[in-house]
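Below is protein39.cif, holding mmCIF, C-alpha atoms.
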```cif
data_upload
#
loop_
_atom_site.group_PDB
_atom_site.id
_atom_site.type_symbol
_atom_site.label_atom_id
_atom_site.label_comp_id
_atom_site.auth_asym_id
_atom_site.auth_seq_id
_atom_site.Cartn_x
_atom_site.Cartn_y
_atom_site.Cartn_z
ATOM 1 C CA MET A 1 81.588 49.581 102.105
ATOM 2 C CA ASP A 2 79.323 49.528 105.155
ATOM 3 C CA TYR A 3 77.307 52.611 106.110
ATOM 4 C CA VAL A 4 75.798 53.932 109.327
ATOM 5 C CA THR A 5 72.589 55.972 109.477
ATOM 6 C CA LEU A 6 73.008 59.181 111.482
ATOM 7 C CA ASN A 7 70.357 60.502 113.856
ATOM 8 C CA ASN A 8 68.961 62.792 111.136
ATOM 9 C CA GLY A 9 68.512 59.911 108.691
ATOM 10 C CA ILE A 10 71.463 60.422 106.321
ATOM 11 C CA LYS A 11 73.967 57.637 105.634
ATOM 12 C CA MET A 12 77.694 57.925 106.369
ATOM 13 C CA PRO A 13 80.446 55.499 105.267
ATOM 14 C CA MET A 14 82.082 53.545 108.097
ATOM 15 C CA VAL A 15 85.570 54.126 106.675
ATOM 16 C CA GLY A 16 86.780 57.443 105.319
ATOM 17 C CA PHE A 17 89.992 59.096 104.222
ATOM 18 C CA GLY A 18 91.552 61.710 106.497
ATOM 19 C CA VAL A 19 93.932 64.409 105.266
ATOM 20 C CA PHE A 20 95.346 65.716 108.564
ATOM 21 C CA GLU A 21 99.069 66.519 108.200
ATOM 22 C CA ILE A 22 99.120 65.699 104.484
ATOM 23 C CA SER A 23 101.052 68.463 102.763
ATOM 24 C CA LYS A 24 99.317 70.868 100.404
ATOM 25 C CA GLU A 25 101.539 69.515 97.624
ATOM 26 C CA GLU A 26 100.290 65.946 98.121
ATOM 27 C CA THR A 27 96.687 66.467 99.186
ATOM 28 C CA ALA A 28 94.980 66.663 95.784
ATOM 29 C CA ARG A 29 96.766 63.530 94.554
ATOM 30 C CA CYS A 30 95.991 61.622 97.758
ATOM 31 C CA VAL A 31 92.278 62.526 97.657
ATOM 32 C CA TYR A 32 92.170 61.563 93.964
ATOM 33 C CA ASP A 33 93.819 58.198 94.751
ATOM 34 C CA ALA A 34 91.514 57.588 97.715
ATOM 35 C CA LEU A 35 88.401 58.131 95.613
ATOM 36 C CA GLU A 36 89.823 55.942 92.854
ATOM 37 C CA VAL A 37 90.333 52.970 95.218
ATOM 38 C CA GLY A 38 86.848 53.286 96.690
ATOM 39 C CA TYR A 39 86.722 55.797 99.547
ATOM 40 C CA ARG A 40 83.572 57.889 99.617
ATOM 41 C CA LEU A 41 84.105 59.782 102.883
ATOM 42 C CA ILE A 42 86.713 62.565 102.779
ATOM 43 C CA ASP A 43 87.544 64.366 106.035
ATOM 44 C CA THR A 44 89.328 67.719 106.180
ATOM 45 C CA ALA A 45 89.250 70.869 108.343
ATOM 46 C CA GLN A 46 89.880 74.583 108.131
ATOM 47 C CA ALA A 47 92.865 74.117 110.446
ATOM 48 C CA TYR A 48 94.487 71.604 108.069
ATOM 49 C CA TYR A 49 95.001 74.383 105.498
ATOM 50 C CA ASN A 50 94.341 72.032 102.579
ATOM 51 C CA GLU A 51 90.624 72.439 101.854
ATOM 52 C CA GLU A 52 91.341 73.939 98.436
ATOM 53 C CA GLU A 53 93.553 70.990 97.489
ATOM 54 C CA VAL A 54 90.894 68.558 98.729
ATOM 55 C CA GLY A 55 88.433 70.280 96.406
ATOM 56 C CA ILE A 56 90.826 69.941 93.475
ATOM 57 C CA GLY A 57 91.310 66.221 94.119
ATOM 58 C CA ILE A 58 87.568 65.628 94.358
ATOM 59 C CA GLN A 59 86.860 67.503 91.146
ATOM 60 C CA GLN A 60 89.546 65.556 89.264
ATOM 61 C CA ALA A 61 88.203 62.225 90.494
ATOM 62 C CA MET A 62 84.621 63.155 89.656
ATOM 63 C CA ARG A 63 85.619 64.074 86.105
ATOM 64 C CA GLU A 64 87.794 61.048 85.434
ATOM 65 C CA PHE A 65 85.921 58.298 87.278
ATOM 66 C CA GLY A 66 82.338 59.445 86.813
ATOM 67 C CA ILE A 67 81.778 59.770 90.551
ATOM 68 C CA LYS A 68 78.758 61.876 91.454
ATOM 69 C CA ARG A 69 78.969 64.555 94.131
ATOM 70 C CA GLU A 70 76.051 62.956 95.993
ATOM 71 C CA ASP A 71 78.088 59.764 96.345
ATOM 72 C CA ILE A 72 80.831 61.590 98.268
ATOM 73 C CA PHE A 73 80.450 62.322 101.976
ATOM 74 C CA LEU A 74 82.517 65.474 102.511
ATOM 75 C CA THR A 75 83.390 66.692 106.003
ATOM 76 C CA THR A 76 85.124 69.824 107.237
ATOM 77 C CA LYS A 77 85.515 71.439 110.640
ATOM 78 C CA VAL A 78 85.263 75.045 111.854
ATOM 79 C CA TRP A 79 88.365 76.183 113.735
ATOM 80 C CA VAL A 80 88.203 78.034 117.065
ATOM 81 C CA THR A 81 89.374 81.361 115.619
ATOM 82 C CA GLU A 82 86.232 81.355 113.466
ATOM 83 C CA PHE A 83 83.791 80.741 116.328
ATOM 84 C CA GLY A 84 80.897 83.095 116.942
ATOM 85 C CA TYR A 85 77.732 83.215 114.873
ATOM 86 C CA GLU A 86 78.744 85.609 112.074
ATOM 87 C CA LYS A 87 82.365 84.459 111.833
ATOM 88 C CA THR A 88 81.319 80.824 111.650
ATOM 89 C CA ARG A 89 78.800 81.494 108.881
ATOM 90 C CA ALA A 90 81.427 83.374 106.889
ATOM 91 C CA SER A 91 84.028 80.661 107.438
ATOM 92 C CA VAL A 92 81.701 77.914 106.229
ATOM 93 C CA GLU A 93 80.922 79.935 103.096
ATOM 94 C CA GLU A 94 84.681 80.220 102.522
ATOM 95 C CA SER A 95 85.089 76.469 103.035
ATOM 96 C CA LEU A 96 82.387 75.835 100.430
ATOM 97 C CA LYS A 97 84.316 77.944 97.921
ATOM 98 C CA LYS A 98 87.643 76.266 98.662
ATOM 99 C CA LEU A 99 86.101 72.794 98.444
ATOM 100 C CA LYS A 100 84.333 73.703 95.203
ATOM 101 C CA THR A 101 80.904 72.533 96.330
ATOM 102 C CA ASP A 102 77.542 74.109 97.068
ATOM 103 C CA TYR A 103 76.875 71.952 100.138
ATOM 104 C CA LEU A 104 78.765 70.003 102.780
ATOM 105 C CA ASP A 105 77.706 66.632 104.097
ATOM 106 C CA LEU A 106 79.019 67.221 107.614
ATOM 107 C CA VAL A 107 80.486 70.225 109.423
ATOM 108 C CA LEU A 108 81.964 69.825 112.897
ATOM 109 C CA ILE A 109 82.826 72.269 115.665
ATOM 110 C CA HIS A 110 86.524 71.410 115.947
ATOM 111 C CA GLN A 111 87.100 72.108 119.644
ATOM 112 C CA CYS A 112 85.033 72.786 122.743
ATOM 113 C CA LEU A 113 86.552 76.260 123.201
ATOM 114 C CA SER A 114 85.712 79.948 122.770
ATOM 115 C CA ASP A 115 82.201 80.809 121.535
ATOM 116 C CA TYR A 116 81.333 77.332 120.353
ATOM 117 C CA TYR A 117 77.692 77.924 121.253
ATOM 118 C CA GLY A 118 77.459 80.786 118.757
ATOM 119 C CA ALA A 119 79.324 78.690 116.196
ATOM 120 C CA TYR A 120 76.950 75.781 116.664
ATOM 121 C CA HIS A 121 73.929 78.041 116.291
ATOM 122 C CA ALA A 122 75.346 79.193 112.935
ATOM 123 C CA LEU A 123 75.654 75.561 111.842
ATOM 124 C CA GLU A 124 72.043 74.941 112.864
ATOM 125 C CA ASP A 125 70.892 77.761 110.610
ATOM 126 C CA LEU A 126 73.106 76.628 107.719
ATOM 127 C CA TYR A 127 71.618 73.157 108.163
ATOM 128 C CA ASP A 128 68.111 74.605 107.913
ATOM 129 C CA GLU A 129 69.164 76.425 104.731
ATOM 130 C CA GLY A 130 70.386 73.189 103.129
ATOM 131 C CA LYS A 131 74.054 74.154 102.929
ATOM 132 C CA ILE A 132 74.984 71.446 105.439
ATOM 133 C CA ARG A 133 73.429 67.974 105.498
ATOM 134 C CA ALA A 134 74.573 67.177 109.061
ATOM 135 C CA ILE A 135 76.224 69.047 111.933
ATOM 136 C CA GLY A 136 78.381 67.725 114.712
ATOM 137 C CA ILE A 137 81.220 68.228 117.153
ATOM 138 C CA SER A 138 84.826 67.128 117.598
ATOM 139 C CA ASN A 139 86.950 66.628 120.709
ATOM 140 C CA PHE A 140 84.003 67.098 123.066
ATOM 141 C CA SER A 141 84.067 65.332 126.427
ATOM 142 C CA ALA A 142 80.989 63.431 127.607
ATOM 143 C CA GLU A 143 79.932 66.363 129.797
ATOM 144 C CA ARG A 144 80.319 69.029 127.077
ATOM 145 C CA MET A 145 78.670 66.750 124.531
ATOM 146 C CA ALA A 146 75.687 66.200 126.849
ATOM 147 C CA ASP A 147 75.455 69.961 127.394
ATOM 148 C CA ILE A 148 75.250 70.867 123.715
ATOM 149 C CA ALA A 149 72.966 67.912 122.936
ATOM 150 C CA THR A 150 70.575 68.980 125.684
ATOM 151 C CA PHE A 151 70.487 72.738 125.303
ATOM 152 C CA LYS A 152 70.835 73.301 121.550
ATOM 153 C CA ARG A 153 68.021 72.941 119.038
ATOM 154 C CA ILE A 154 69.670 70.185 116.963
ATOM 155 C CA VAL A 155 71.422 67.215 118.566
ATOM 156 C CA PRO A 156 74.889 66.674 117.024
ATOM 157 C CA THR A 157 75.006 63.783 114.570
ATOM 158 C CA VAL A 158 78.695 62.982 115.198
ATOM 159 C CA ASN A 159 81.386 63.433 117.833
ATOM 160 C CA GLN A 160 84.816 62.932 116.256
ATOM 161 C CA VAL A 161 87.369 62.141 118.948
ATOM 162 C CA GLU A 162 90.755 60.513 119.374
ATOM 163 C CA THR A 163 90.115 56.759 119.415
ATOM 164 C CA HIS A 164 92.548 53.914 118.801
ATOM 165 C CA MET A 165 93.923 50.702 120.294
ATOM 166 C CA PHE A 166 95.524 52.536 123.211
ATOM 167 C CA TRP A 167 92.532 54.787 123.994
ATOM 168 C CA GLN A 168 89.373 52.922 123.121
ATOM 169 C CA GLN A 169 86.996 55.473 124.654
ATOM 170 C CA TYR A 170 84.444 53.083 126.175
ATOM 171 C CA TYR A 171 83.079 55.651 128.648
ATOM 172 C CA LEU A 172 82.551 58.364 126.027
ATOM 173 C CA HIS A 173 81.181 55.795 123.564
ATOM 174 C CA GLU A 174 78.514 54.800 126.078
ATOM 175 C CA TRP A 175 77.349 58.402 126.389
ATOM 176 C CA MET A 176 77.315 58.841 122.617
ATOM 177 C CA GLU A 177 74.970 55.879 122.368
ATOM 178 C CA LYS A 178 72.673 57.418 124.987
ATOM 179 C CA TYR A 179 72.334 60.587 122.895
ATOM 180 C CA HIS A 180 72.299 58.736 119.537
ATOM 181 C CA ILE A 181 75.470 60.546 118.472
ATOM 182 C CA GLN A 182 77.764 58.684 116.076
ATOM 183 C CA HIS A 183 81.268 57.955 117.349
ATOM 184 C CA GLU A 184 83.938 58.833 114.767
ATOM 185 C CA ALA A 185 87.626 58.134 115.401
ATOM 186 C CA TRP A 186 90.464 60.414 114.445
ATOM 187 C CA GLY A 187 93.913 58.849 114.661
ATOM 188 C CA PRO A 188 92.422 55.326 114.494
ATOM 189 C CA LEU A 189 95.867 53.812 113.853
ATOM 190 C CA ALA A 190 97.406 55.615 116.852
ATOM 191 C CA GLN A 191 99.579 57.818 114.620
ATOM 192 C CA HIS A 192 103.214 57.619 115.833
ATOM 193 C CA ARG A 193 102.423 54.482 117.868
ATOM 194 C CA LEU A 194 101.395 52.428 114.835
ATOM 195 C CA LYS A 195 104.671 50.489 115.097
ATOM 196 C CA GLU A 196 103.575 49.311 118.552
ATOM 197 C CA ILE A 197 100.312 48.004 117.103
ATOM 198 C CA ILE A 198 102.184 46.209 114.314
ATOM 199 C CA ALA A 199 104.616 44.600 116.791
ATOM 200 C CA ASN A 200 102.065 43.674 119.461
ATOM 201 C CA PRO A 201 101.904 39.853 119.807
ATOM 202 C CA ILE A 202 98.136 39.799 120.415
ATOM 203 C CA VAL A 203 97.406 41.918 117.352
ATOM 204 C CA LYS A 204 99.897 39.946 115.243
ATOM 205 C CA GLU A 205 98.338 36.614 116.214
ATOM 206 C CA ILE A 206 94.819 37.811 115.428
ATOM 207 C CA ALA A 207 96.018 39.278 112.119
ATOM 208 C CA GLU A 208 97.603 35.959 111.141
ATOM 209 C CA ASN A 209 94.374 34.125 112.039
ATOM 210 C CA HIS A 210 92.473 36.226 109.501
ATOM 211 C CA GLY A 211 95.162 36.703 106.862
ATOM 212 C CA LYS A 212 95.134 40.451 107.506
ATOM 213 C CA THR A 213 97.627 43.102 108.633
ATOM 214 C CA PRO A 214 97.765 44.396 112.222
ATOM 215 C CA ALA A 215 96.574 47.793 110.958
ATOM 216 C CA GLN A 216 93.522 46.151 109.408
ATOM 217 C CA ILE A 217 92.792 44.436 112.736
ATOM 218 C CA ALA A 218 93.031 47.779 114.547
ATOM 219 C CA LEU A 219 90.550 49.364 112.137
ATOM 220 C CA ARG A 220 88.236 46.351 112.112
ATOM 221 C CA GLN A 221 88.007 46.370 115.916
ATOM 222 C CA GLN A 222 86.691 49.927 115.867
ATOM 223 C CA VAL A 223 84.309 49.444 112.937
ATOM 224 C CA GLN A 224 82.947 46.326 114.611
ATOM 225 C CA ARG A 225 82.160 48.473 117.666
ATOM 226 C CA GLY A 226 80.158 50.773 115.389
ATOM 227 C CA ILE A 227 82.820 53.493 115.185
ATOM 228 C CA VAL A 228 83.513 55.382 111.944
ATOM 229 C CA VAL A 229 87.252 55.551 111.190
ATOM 230 C CA ILE A 230 89.228 57.954 108.997
ATOM 231 C CA PRO A 231 92.745 56.522 108.533
ATOM 232 C CA LYS A 232 95.332 58.526 106.629
ATOM 233 C CA SER A 233 97.985 57.356 104.201
ATOM 234 C CA THR A 234 99.842 58.904 101.304
ATOM 235 C CA HIS A 235 100.463 55.455 99.788
ATOM 236 C CA LYS A 236 97.842 54.034 97.450
ATOM 237 C CA GLU A 237 98.387 50.396 98.455
ATOM 238 C CA ARG A 238 97.940 51.219 102.131
ATOM 239 C CA MET A 239 94.801 53.175 101.280
ATOM 240 C CA LYS A 240 93.455 49.965 99.718
ATOM 241 C CA GLN A 241 94.443 47.889 102.744
ATOM 242 C CA ASN A 242 92.779 50.299 105.169
ATOM 243 C CA LEU A 243 89.564 49.966 103.183
ATOM 244 C CA ASP A 244 89.730 46.169 102.933
ATOM 245 C CA ILE A 245 88.261 45.294 106.338
ATOM 246 C CA PHE A 246 84.724 44.199 105.514
ATOM 247 C CA ASP A 247 85.330 40.590 104.453
ATOM 248 C CA PHE A 248 85.991 39.201 107.937
ATOM 249 C CA GLU A 249 84.748 39.527 111.522
ATOM 250 C CA LEU A 250 86.594 39.377 114.818
ATOM 251 C CA THR A 251 85.338 36.845 117.342
ATOM 252 C CA GLU A 252 84.088 37.844 120.793
ATOM 253 C CA ASP A 253 87.284 36.404 122.275
ATOM 254 C CA GLU A 254 89.455 38.407 119.880
ATOM 255 C CA MET A 255 87.548 41.594 120.675
ATOM 256 C CA ALA A 256 88.011 40.931 124.399
ATOM 257 C CA ARG A 257 91.744 40.374 123.977
ATOM 258 C CA LEU A 258 92.137 43.597 121.999
ATOM 259 C CA LYS A 259 90.217 45.478 124.678
ATOM 260 C CA LEU A 260 93.000 44.558 127.125
ATOM 261 C CA LEU A 261 95.383 46.835 125.193
ATOM 262 C CA ASP A 262 93.370 49.929 126.179
ATOM 263 C CA GLU A 263 95.497 52.303 128.292
ATOM 264 C CA ASN A 264 92.502 54.645 128.688
ATOM 265 C CA LYS A 265 94.494 57.825 128.111
ATOM 266 C CA SER A 266 95.162 60.274 125.301
ATOM 267 C CA MET A 267 98.360 60.463 123.278
ATOM 268 C CA TRP A 268 97.762 64.194 123.036
ATOM 269 C CA ALA A 269 95.909 65.821 125.957
ATOM 270 C CA GLU A 270 92.848 65.018 128.027
ATOM 271 C CA TYR A 271 89.810 67.113 127.116
ATOM 272 C CA ASP A 272 89.885 68.836 130.510
ATOM 273 C CA ASP A 273 93.599 69.683 130.228
ATOM 274 C CA PRO A 274 94.144 73.481 130.019
ATOM 275 C CA MET A 275 97.011 72.837 127.595
ATOM 276 C CA ILE A 276 94.395 72.197 124.906
ATOM 277 C CA VAL A 277 93.738 75.947 124.900
ATOM 278 C CA GLN A 278 97.417 76.680 124.363
ATOM 279 C CA TYR A 279 97.591 74.115 121.558
ATOM 280 C CA ALA A 280 94.550 75.576 119.839
ATOM 281 C CA MET A 281 95.969 79.089 119.900
ATOM 282 C CA ALA A 282 99.317 77.829 118.596
ATOM 283 C CA GLU A 283 97.499 76.400 115.572
ATOM 284 C CA ASP A 284 96.139 79.840 114.632
#
```
Is it possible to express this structure as structure tokens?
Amino acid sequence: MDYVTLNNGIKMPMVGFGVFEISKEETARCVYDALEVGYRLIDTAQAYYNEEEVGIGIQQAMREFGIKREDIFLTTKVWVTEFGYEKTRASVEESLKKLKTDYLDLVLIHQCLSDYYGAYHALEDLYDEGKIRAIGISNFSAERMADIATFKRIVPTVNQVETHMFWQQYYLHEWMEKYHIQHEAWGPLAQHRLKEIIANPIVKEIAENHGKTPAQIALRQQVQRGIVVIPKSTHKERMKQNLDIFDFELTEDEMARLKLLDENKSMWAEYDDPMIVQYAMAED
């Protein structure tokens, strides 16, 4: 496993396991399997409604495999309905209980909506108190990211945003580098468009050149750009494959060819699309 050092000095794995849209019934088993095969970054969120099951899976793996809590990088995210200083503090305390831990490695502001300034201030104080090892943001545009990085006391360590073969986020990535904010990709395998990645002749050719799968090429491209990825799978063998991307390197020509697949648009909604507000409220 390769690691990146965040702007506050702590190390974060380059590949993690995401649990978005994994059912409550499967989450504990999937987290357990992920830790067994070698994942050390687990990413969840209040809005996924499976924090408690994530905590169960982590505890089981720690007991059975001798994994130490300090070797696991655990991330959650505060949802918009819990924004505001006091509500955010209370929600993080609740997340700690559900996840069965006395600290979190990373907590993100999930959306750039509502009183995210008050929420971020709460995270700053929880960071000072040692309950959070790093704080960050998710789904923030370059302009909103620059705003919070400039006018808040602590610069975010991470901005987790939609990033994949069809939206490679070069513009936003450039601004993250300027502020020393780590780029983390959600949906790194393009979710429902994974079949298009698998069938793409460019990706297939490059995969054959390296004896890898197209999905592994998609993940390797992002990691090679310095982006942390959190692929999801409920299948143990695919979990292993998604982790097995550190024994080869794409050439400059291969990286350039993969860059041509960038459509430069979201599969969901642009960050300045008002529909994001409607989506966020529907999730409540």
Report task. Apply the PyMOL selection byres ((chain A and resi 251) around 12) to the displayed file and report the matching residues as a PyMOL selection string. Result -> chain A and resi 206+209-210+217+220-221+224+248-250+252-258
Query raised in the report: Do you know which residues are at most 7 Å from region 103-118 of chain A counting all atoms listed in the file, after dropping those on the same chain fewer than 2 positions away, and could you put them as JSON, numbers by chain?
Result: {"A": [73, 74, 75, 76, 77, 78, 79, 80, 83, 84, 85, 96, 101, 120, 121, 122, 131, 132, 133, 134, 135, 136, 137, 138, 139, 140]}
Restricting it to C-alpha atoms, dump the selection as an mmCIF file, keeping the file's coordinate frame.
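The resulting file, selection.cif, is reproduced below:
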```
data_model
loop_
_atom_site.group_PDB
_atom_site.id
_atom_site.type_symbol
_atom_site.label_atom_id
_atom_site.label_comp_id
_atom_site.auth_asym_id
_atom_site.auth_seq_id
_atom_site.Cartn_x
_atom_site.Cartn_y
_atom_site.Cartn_z
ATOM 1 C CA PHE A 73 80.450 62.322 101.976
ATOM 2 C CA LEU A 74 82.517 65.474 102.511
ATOM 3 C CA THR A 75 83.390 66.692 106.003
ATOM 4 C CA THR A 76 85.124 69.824 107.237
ATOM 5 C CA LYS A 77 85.515 71.439 110.640
ATOM 6 C CA VAL A 78 85.263 75.045 111.854
ATOM 7 C CA TRP A 79 88.365 76.183 113.735
ATOM 8 C CA VAL A 80 88.203 78.034 117.065
ATOM 9 C CA PHE A 83 83.791 80.741 116.328
ATOM 10 C CA GLY A 84 80.897 83.095 116.942
ATOM 11 C CA TYR A 85 77.732 83.215 114.873
ATOM 12 C CA LEU A 96 82.387 75.835 100.430
ATOM 13 C CA THR A 101 80.904 72.533 96.330
ATOM 14 C CA TYR A 120 76.950 75.781 116.664
ATOM 15 C CA HIS A 121 73.929 78.041 116.291
ATOM 16 C CA ALA A 122 75.346 79.193 112.935
ATOM 17 C CA LYS A 131 74.054 74.154 102.929
ATOM 18 C CA ILE A 132 74.984 71.446 105.439
ATOM 19 C CA ARG A 133 73.429 67.974 105.498
ATOM 20 C CA ALA A 134 74.573 67.177 109.061
ATOM 21 C CA ILE A 135 76.224 69.047 111.933
ATOM 22 C CA GLY A 136 78.381 67.725 114.712
ATOM 23 C CA ILE A 137 81.220 68.228 117.153
ATOM 24 C CA SER A 138 84.826 67.128 117.598
ATOM 25 C CA ASN A 139 86.950 66.628 120.709
ATOM 26 C CA PHE A 140 84.003 67.098 123.066
#
```
Protein, DNA and RNA residues within 9 Å of (99.0, 69.1, 106.8), all atoms listed in the file, as an mmCIF file with C-alpha atoms, keeping the file's coordinate frame:
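Contents of the output file out_23.cif:
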```cif
data_model
loop_
_atom_site.group_PDB
_atom_site.id
_atom_site.type_symbol
_atom_site.label_atom_id
_atom_site.label_comp_id
_atom_site.auth_asym_id
_atom_site.auth_seq_id
_atom_site.Cartn_x
_atom_site.Cartn_y
_atom_site.Cartn_z
ATOM 1 C CA VAL A 19 93.932 64.409 105.266
ATOM 2 C CA PHE A 20 95.346 65.716 108.564
ATOM 3 C CA GLU A 21 99.069 66.519 108.200
ATOM 4 C CA ILE A 22 99.120 65.699 104.484
ATOM 5 C CA SER A 23 101.052 68.463 102.763
ATOM 6 C CA LYS A 24 99.317 70.868 100.404
ATOM 7 C CA THR A 27 96.687 66.467 99.186
ATOM 8 C CA ALA A 47 92.865 74.117 110.446
ATOM 9 C CA TYR A 48 94.487 71.604 108.069
ATOM 10 C CA TYR A 49 95.001 74.383 105.498
ATOM 11 C CA ASN A 50 94.341 72.032 102.579
#
```
**Report entry** Counting all atoms listed in the file, the option among A:Pro156, A:Leu123, A:Gly211, A:Val203 closest to Lys87 (chain A)
**Finding:** A:Leu123
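Relative to CA of Leu194 (chain A), CA of Glu162 (chain A) is found at 14.1 Å.
One finds CA of Lys232 (chain A) at 22.5 Å from CA of Glu263 (chain A).
One distance worth recording is that between CA of Gln216 (chain A) and CA of Ala185 (chain A), which is 14.6 Å.
Closest approach to Met12 (chain A) from the set A:Glu196, A:Asp102, A:Glu184, A:Glu177 is made by A:Glu184, with distances taken over all atoms listed in the file.
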Requested in this report: To verify the selection step, state as an MDAnalysis selection string which residues the PyMOL selection byres ((chain A and resi 54) around 8) yields on this input.
Outcome: chainID A and resid 27:28 31 44 50:53 55:58 99
